[in-house]
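Participant: What follows is upload31.txt, compact mmCIF, C-alpha atoms.
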# COMPACT_ATOMS: atom_id res chain seq x y z
CA MET A 1 79.30 -90.99 -78.17
CA LYS A 2 82.50 -92.93 -78.84
CA SER A 3 83.98 -95.37 -76.34
CA VAL A 4 86.23 -93.72 -73.80
CA LEU A 5 89.82 -94.86 -74.29
CA PRO A 6 91.99 -93.80 -71.34
CA SER A 7 95.74 -93.35 -71.71
CA ILE A 8 98.21 -94.94 -69.30
CA ASP A 9 101.63 -93.44 -68.55
CA PRO A 10 104.35 -95.98 -69.43
CA GLY A 11 105.89 -95.26 -66.02
CA ILE A 12 102.96 -97.09 -64.43
CA ALA A 13 104.38 -100.34 -65.82
CA ALA A 14 107.28 -100.15 -63.38
CA LEU A 15 104.85 -100.00 -60.45
CA ALA A 16 102.28 -102.49 -61.72
CA PRO A 17 103.57 -104.34 -64.79
CA GLY A 18 100.49 -106.56 -65.06
CA PHE A 19 97.92 -103.78 -64.64
CA ARG A 20 94.85 -104.17 -66.84
CA ALA A 21 91.42 -102.65 -66.71
CA LEU A 22 88.03 -102.64 -68.34
CA SER A 23 86.95 -99.24 -69.63
CA ILE A 24 83.15 -99.15 -69.94
CA THR A 25 81.32 -96.28 -71.65
CA VAL A 26 77.60 -95.77 -71.15
CA VAL A 27 75.14 -93.47 -72.87
CA ALA A 28 72.55 -93.57 -70.14
CA GLY A 29 68.85 -94.20 -70.52
CA GLU A 30 66.05 -93.57 -68.07
CA ILE A 31 66.47 -95.50 -64.83
CA VAL A 32 63.30 -97.58 -64.62
CA ASN A 33 64.35 -100.16 -62.06
CA PRO A 34 66.59 -98.71 -59.31
CA ALA A 35 65.80 -101.71 -57.09
CA ILE A 36 68.37 -103.67 -59.13
CA ALA A 37 71.11 -101.66 -57.40
CA ASP A 38 69.55 -102.08 -53.95
CA ALA A 39 69.48 -105.85 -54.36
CA ALA A 40 73.02 -106.02 -55.77
CA LEU A 41 74.48 -103.99 -52.91
CA ALA A 42 72.64 -106.02 -50.28
CA ARG A 43 73.89 -109.30 -51.79
CA ALA A 44 77.45 -108.06 -51.99
CA CYS A 45 77.45 -106.87 -48.39
CA GLN A 46 75.93 -110.12 -47.14
CA GLY A 47 78.52 -112.14 -48.99
CA VAL A 48 81.61 -110.24 -47.89
CA THR A 49 82.23 -112.60 -44.95
CA GLY A 50 81.51 -115.71 -46.99
CA ASP A 51 83.74 -117.78 -49.23
CA HIS A 52 85.58 -115.38 -51.50
CA ALA A 53 87.42 -116.40 -54.63
CA VAL A 54 90.80 -117.88 -53.81
CA TRP A 55 92.54 -114.90 -55.41
CA ALA A 56 90.54 -112.11 -53.71
CA GLU A 57 92.75 -111.57 -50.65
CA ALA A 58 95.87 -111.79 -52.81
CA HIS A 59 94.43 -109.15 -55.13
CA LEU A 60 93.77 -106.68 -52.32
CA SER A 61 97.23 -107.38 -50.87
CA ALA A 62 98.78 -106.70 -54.27
CA TRP A 63 97.05 -103.32 -54.38
CA ALA A 64 98.46 -102.52 -50.94
CA ARG A 65 101.98 -103.31 -52.19
CA VAL A 66 101.52 -101.11 -55.25
CA PHE A 67 100.27 -98.24 -53.09
CA LYS A 68 103.39 -98.51 -50.92
CA GLN A 69 105.58 -98.35 -53.99
CA PHE A 70 104.36 -94.85 -54.88
CA GLY A 71 104.44 -93.62 -51.29
CA ALA A 72 100.85 -94.12 -50.16
CA LYS A 73 100.07 -95.72 -46.81
CA PRO A 74 97.45 -98.42 -47.49
CA GLN A 75 96.42 -98.60 -43.83
CA ARG A 76 95.38 -94.93 -43.99
CA THR A 77 94.47 -94.59 -47.66
CA PRO A 78 93.68 -98.07 -49.02
CA CYS A 79 92.54 -98.84 -52.53
CA SER A 80 88.83 -98.25 -52.99
CA ALA A 81 87.91 -101.96 -52.98
CA ASP A 82 89.70 -102.56 -49.70
CA ALA A 83 88.12 -99.47 -48.14
CA LEU A 84 84.62 -100.65 -49.08
CA ARG A 85 85.27 -104.15 -47.78
CA LYS A 86 86.55 -102.82 -44.45
CA ARG A 87 83.45 -100.63 -44.06
CA VAL A 88 81.17 -103.59 -44.66
CA LEU A 89 83.10 -105.78 -42.23
CA ARG A 90 82.88 -103.02 -39.62
CA ASP A 91 79.28 -101.89 -40.13
CA GLY A 92 77.65 -104.91 -41.76
CA SER A 93 76.40 -102.90 -44.75
CA LEU A 94 76.87 -99.76 -46.82
CA PRO A 95 74.40 -96.88 -46.90
CA SER A 96 72.68 -96.29 -50.21
CA ILE A 97 74.16 -93.32 -52.08
CA ASP A 98 72.68 -93.41 -55.56
CA PRO A 99 71.51 -96.28 -57.81
CA ILE A 100 74.51 -96.03 -60.13
CA VAL A 101 77.06 -95.66 -57.30
CA ASP A 102 75.40 -98.47 -55.34
CA LEU A 103 75.65 -100.79 -58.34
CA TYR A 104 79.32 -100.25 -59.02
CA ASN A 105 80.12 -100.42 -55.31
CA ALA A 106 78.37 -103.80 -55.24
CA VAL A 107 80.58 -105.07 -58.07
CA SER A 108 83.66 -103.73 -56.30
CA ILE A 109 82.79 -105.55 -53.07
CA GLU A 110 81.77 -108.80 -54.75
CA PHE A 111 84.87 -109.05 -56.93
CA ALA A 112 87.47 -107.37 -54.67
CA ILE A 113 88.29 -104.92 -57.44
CA PRO A 114 88.54 -101.12 -57.51
CA VAL A 115 85.71 -99.72 -59.64
CA GLY A 116 85.51 -96.06 -60.53
CA GLY A 117 82.49 -94.30 -61.99
CA GLU A 118 82.73 -90.85 -63.58
CA ASN A 119 80.50 -88.32 -65.30
CA ILE A 120 82.51 -88.29 -68.50
CA ALA A 121 80.60 -85.25 -69.80
CA ALA A 122 82.43 -83.20 -67.14
CA TYR A 123 85.84 -84.25 -68.47
CA HIS A 124 88.18 -82.01 -70.45
CA GLY A 125 89.79 -84.47 -72.82
CA SER A 126 90.23 -88.17 -72.14
CA PRO A 127 91.08 -89.80 -68.79
CA GLN A 128 94.79 -90.25 -68.15
CA LEU A 129 96.47 -92.49 -65.57
CA VAL A 130 99.72 -90.71 -64.74
CA ILE A 131 102.40 -90.17 -62.13
CA ALA A 132 101.75 -86.73 -60.64
CA ASP A 133 104.39 -84.01 -60.40
CA GLY A 134 102.61 -82.37 -57.46
CA THR A 135 101.44 -79.21 -59.23
CA GLU A 136 98.10 -80.60 -60.39
CA LEU A 137 94.84 -79.39 -58.83
CA PHE A 138 92.31 -81.70 -57.21
CA ASP A 139 88.78 -80.61 -56.26
CA THR A 140 87.60 -82.07 -52.96
CA MET A 141 85.39 -81.30 -49.97
CA LYS A 142 86.79 -80.13 -46.63
CA GLU A 143 84.54 -79.34 -43.67
CA GLY A 144 81.55 -79.24 -45.99
CA ALA A 145 83.04 -76.74 -48.43
CA LEU A 146 84.61 -77.12 -51.85
CA ALA A 147 88.41 -76.97 -51.65
CA GLN A 148 91.44 -77.62 -53.79
CA GLU A 149 94.58 -79.55 -52.96
CA HIS A 150 97.56 -81.02 -54.74
CA PRO A 151 98.62 -84.65 -55.00
CA GLU A 152 102.06 -85.57 -53.80
CA ALA A 153 104.85 -85.73 -56.35
CA GLY A 154 105.19 -89.34 -57.51
CA GLU A 155 101.59 -90.22 -56.63
CA VAL A 156 99.60 -92.20 -59.20
CA VAL A 157 96.46 -90.28 -60.17
CA TRP A 158 93.72 -90.22 -62.74
CA ARG A 159 93.41 -86.84 -64.42
CA ASP A 160 92.16 -84.95 -67.45
CA GLU A 161 93.40 -81.76 -69.07
CA GLN A 162 91.99 -79.62 -66.24
CA GLY A 163 93.26 -81.49 -63.21
CA VAL A 164 93.18 -84.61 -61.06
CA THR A 165 89.93 -86.58 -61.01
CA CYS A 166 90.98 -89.33 -58.58
CA ARG A 167 93.84 -89.30 -56.07
CA ARG A 168 96.11 -92.19 -55.09
CA TRP A 169 95.09 -94.18 -58.15
CA ASN A 170 91.58 -95.13 -56.96
CA TRP A 171 91.41 -93.94 -53.35
CA ARG A 172 89.37 -90.73 -53.56
CA GLN A 173 87.36 -89.31 -56.44
CA GLY A 174 87.08 -85.59 -57.07
CA VAL A 175 83.97 -83.44 -57.03
CA ARG A 176 83.99 -82.07 -60.57
CA THR A 177 83.49 -85.40 -62.36
CA ARG A 178 81.48 -87.18 -59.67
CA LEU A 179 78.93 -89.61 -61.08
CA GLY A 180 75.27 -89.86 -60.19
CA ALA A 181 72.06 -91.22 -61.66
CA GLU A 182 71.35 -87.91 -63.37
CA ALA A 183 74.40 -88.20 -65.65
CA LYS A 184 73.75 -88.90 -69.31
CA GLN A 185 77.29 -89.97 -70.20
CA MET A 186 79.00 -92.38 -67.82
CA TRP A 187 82.43 -93.93 -67.70
CA PHE A 188 83.48 -96.83 -65.51
CA ILE A 189 86.96 -98.23 -64.97
CA LEU A 190 87.46 -101.66 -63.36
CA GLU A 191 91.12 -101.96 -62.36
CA SER A 192 92.94 -105.22 -61.78
CA LEU A 193 96.39 -106.62 -61.07
CA PRO A 194 97.70 -110.05 -62.15
CA GLU A 195 96.47 -111.70 -58.95
CA MET A 196 92.94 -111.33 -60.37
CA PRO A 197 92.40 -113.73 -63.29
CA LEU A 198 91.50 -112.06 -66.56
CA ALA A 199 88.32 -114.16 -66.73
CA ALA A 200 87.25 -112.74 -63.35
CA LEU A 201 87.85 -109.19 -64.59
CA HIS A 202 85.56 -109.86 -67.54
CA GLU A 203 83.00 -111.44 -65.20
CA ALA A 204 83.03 -108.31 -63.04
CA GLY A 205 82.50 -106.18 -66.14
CA ALA A 206 79.61 -108.36 -67.20
CA ARG A 207 78.01 -108.04 -63.76
CA LEU A 208 78.19 -104.25 -64.00
CA THR A 209 76.90 -104.00 -67.57
CA GLU A 210 74.08 -106.45 -66.91
CA GLY A 211 72.98 -104.43 -63.90
CA LEU A 212 73.14 -101.18 -65.85
CA GLN A 213 71.12 -102.68 -68.69
CA LEU A 214 68.46 -103.97 -66.30
CA MET A 215 68.18 -100.56 -64.65
CA MET A 216 68.34 -98.63 -67.92
CA PRO A 217 67.07 -100.83 -70.81
CA ASP A 218 67.73 -98.04 -73.34
CA ALA A 219 71.37 -97.55 -72.31
CA LEU A 220 74.10 -97.97 -74.94
CA ILE A 221 77.15 -99.71 -73.47
CA THR A 222 80.59 -100.40 -74.92
CA GLN A 223 83.75 -101.68 -73.27
CA THR A 224 87.46 -101.94 -73.99
CA LEU A 225 90.28 -103.82 -72.26
CA VAL A 226 93.29 -101.57 -71.56
CA GLY A 227 96.59 -101.97 -69.76
CA PHE A 228 99.77 -104.01 -70.07
CA ASP A 229 100.24 -107.54 -71.44
CA ILE A 230 96.64 -107.84 -72.62
CA ASP A 231 97.27 -109.50 -75.98
Would you mind writing the file's structure down as structure tokens?

Facilitator:
Amino acid sequence: MKSVLPSIDPGIAALAPGFRALSITVVAGEIVNPAIADAALARACQGVTGDHAVWAEAHLSAWARVFKQFGAKPQRTPCSADALRKRVLRDGSLPSIDPIVDLYNAVSIEFAIPVGGENIAAYHGSPQLVIADGTELFDTMKEGALAQEHPEAGEVVWRDEQGVTCRRWNWRQGVRTRLGAEAKQMWFILESLPEMPLAALHEAGARLTEGLQLMMPDALITQTLVGFDID
């Protein structure tokens, strides 16, 4: 399996000129040590009220500003990292979902960065970060049943050739490409703005890949830096 190389609409540069992300591709192995994820999530939740990096609050605030620029209301639909942090501050912890999801949620909380995880085998073509026209389809759950909706015109979304895979940039993932421990081909995207130092982005990526390798020693992992002004 080749590394996943997402495409980014040039129009995104007007909203977030310093956007950069780590694209991490994983050919999964057998999960032999799921406790790695349990420990990582517990540590991240315990540390959320401690001394964060000096840039962490600024990074989450920058995401809120970007969301406002494309019409989202960050108080109602915050970026995924902010949403996780608020849940931990409110409840003191996060419930375990799945070893893979728990691990990337832990990285998101620890580094104040949106982290997406997708079953790339369910994709039709490569991931695309685009500005929606409002006609795209998005698979979601409503009242316990599978449903479809449309993003708003002008909304930033991740999509493939079939439809939207994540609404409002990194707010809500769709059902079709949802990732779990059973997936054999995984794709992760760690998304940052200039308020997060590039070294910290790479550190977050290392934390995720190290955890994946400890859980799945046979996993094959590659990563690529994408975005604007990354040379």

Participant: Per residue of range 99-182 of chain A within 9 Å of range 11-26 of chain A, note the shortest atom pair and the distance in Å to one decimal, counting only C-alpha atoms, and order the rows by chain and increasing residue number, as a tab-separated table.

Facilitator:
residue	atom	partner	partner_atom	distance
A:Ile120	CA	A:Thr25	CA	8.7
A:Leu129	CA	A:Ile12	CA	8.0
A:Val130	CA	A:Ile12	CA	7.2
A:Ile131	CA	A:Gly11	CA	7.3
A:Val156	CA	A:Ile12	CA	7.9

Participant: Enclose the full set of atoms of range 198-210 of chain A listed in the file within a box whose edges lie along x, y and z, apply 5 Å of padding to each of the six sides, and report centre and edge lengths in Å to one decimal as JSON.

Facilitator:
{"center_x": 82.8, "center_y": -109.1, "center_z": -65.3, "size_x": 27.4, "size_y": 20.2, "size_z": 14.5}

Participant: Can you tell me, as a VMD selection string, what residues are no more than 9 Å from range 187-197 of chain A when counting all atoms listed in the file, ignoring any on the same chain fewer than 2 positions away?

Facilitator: chain A and resid 3 to 4 16 to 27 55 to 56 58 to 60 62 to 63 104 108 112 to 120 170 179 185 199 to 202 204 to 205

Participant: Rounded to one decimal in Å, what is the spacing between CA of Gly134 in chain A and CA of Gly163 in chain A?

Facilitator: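 CA of Gly163 in chain A lies at a distance of 11.0 Å from CA of Gly134 in chain A.
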
Participant: For a quick check of understanding, using only C-alpha atoms, which of A:Leu146, A:Ala106, A:Ala122, A:Ala64 has the smallest distance to Leu208 in chain A?

Facilitator: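 Smallest separation from Leu208 in chain A among the options: A:Ala106.
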
Participant: Which residue out of A:His124, A:Arg85, A:Arg90, A:Arg159 has the minimum interatomic distance to Asp9 in chain A when only C-alpha atoms are used?

Facilitator: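 Closest to Asp9 in chain A of all the choices is A:Arg159.
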
Participant: Determine, counting all atoms listed in the file, which protein, DNA and RNA residues have an atom within 8 Å of an atom of Phe138 in chain A; residues of the same chain fewer than 5 positions away are not included. Present the result as a list in words.

Facilitator: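 With the cut-off at 8 Å, the set is Gln148, Glu149, His150, Pro151, Gly163, Val164, Thr165, Cys166, Arg167 and Gly174 of chain A.
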
Participant: Measure the distance from CA of Ala53 in chain A to CA of Val66 in chain A in Å and round it to one decimal.

Facilitator: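 It comes out at 20.8 Å.
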
Participant: Find, counting all atoms listed in the file, the residue in A:Glu203, A:Pro6, A:Asp139, A:Gly154 that gets nearest to Val175 in chain A.

Facilitator: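 Checking each of A:Glu203, A:Pro6, A:Asp139, A:Gly154 against Val175 in chain A, counting all atoms listed in the file, the winner is A:Asp139.
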
Participant: Restricting the calculation to all atoms listed in the file, which member of A:Gly180, A:Leu198, A:Leu89, A:Gln162 is positioned closest to Gln128 in chain A?

Facilitator: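 Among A:Gly180, A:Leu198, A:Leu89, A:Gln162, it is A:Gln162 that comes nearest to Gln128 in chain A.
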
Participant: Just want the 12 Å neighbourhood of Arg76 in chain A, counted on only C-alpha atoms, with same-chain residues fewer than 5 positions away dropped. Output as a PyMOL selection string.

Facilitator: chain A and resi 64+67-68+71+82-83+86+168+171

Participant: Pick out the closest residue to Leu94 in chain A from this set: A:Glu57, A:Glu143, A:Asp38, A:Glu182. Count all atoms listed in the file.

Facilitator: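 Result for the nearest residue to Leu94 in chain A: A:Asp38.
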
Participant: Return the single residue from A:Gln173, A:Asp98, A:Gln213, A:Gly92 that is closest to Ser80 in chain A, with distances computed using all atoms listed in the file.

Facilitator: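 Selected residue with least distance to Ser80 in chain A: A:Gln173.
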
Participant: Rounded to one decimal, what separation in Å do you get between CA of Val107 in chain A and CA of Val32 in chain A?

Facilitator: 19.9 Å
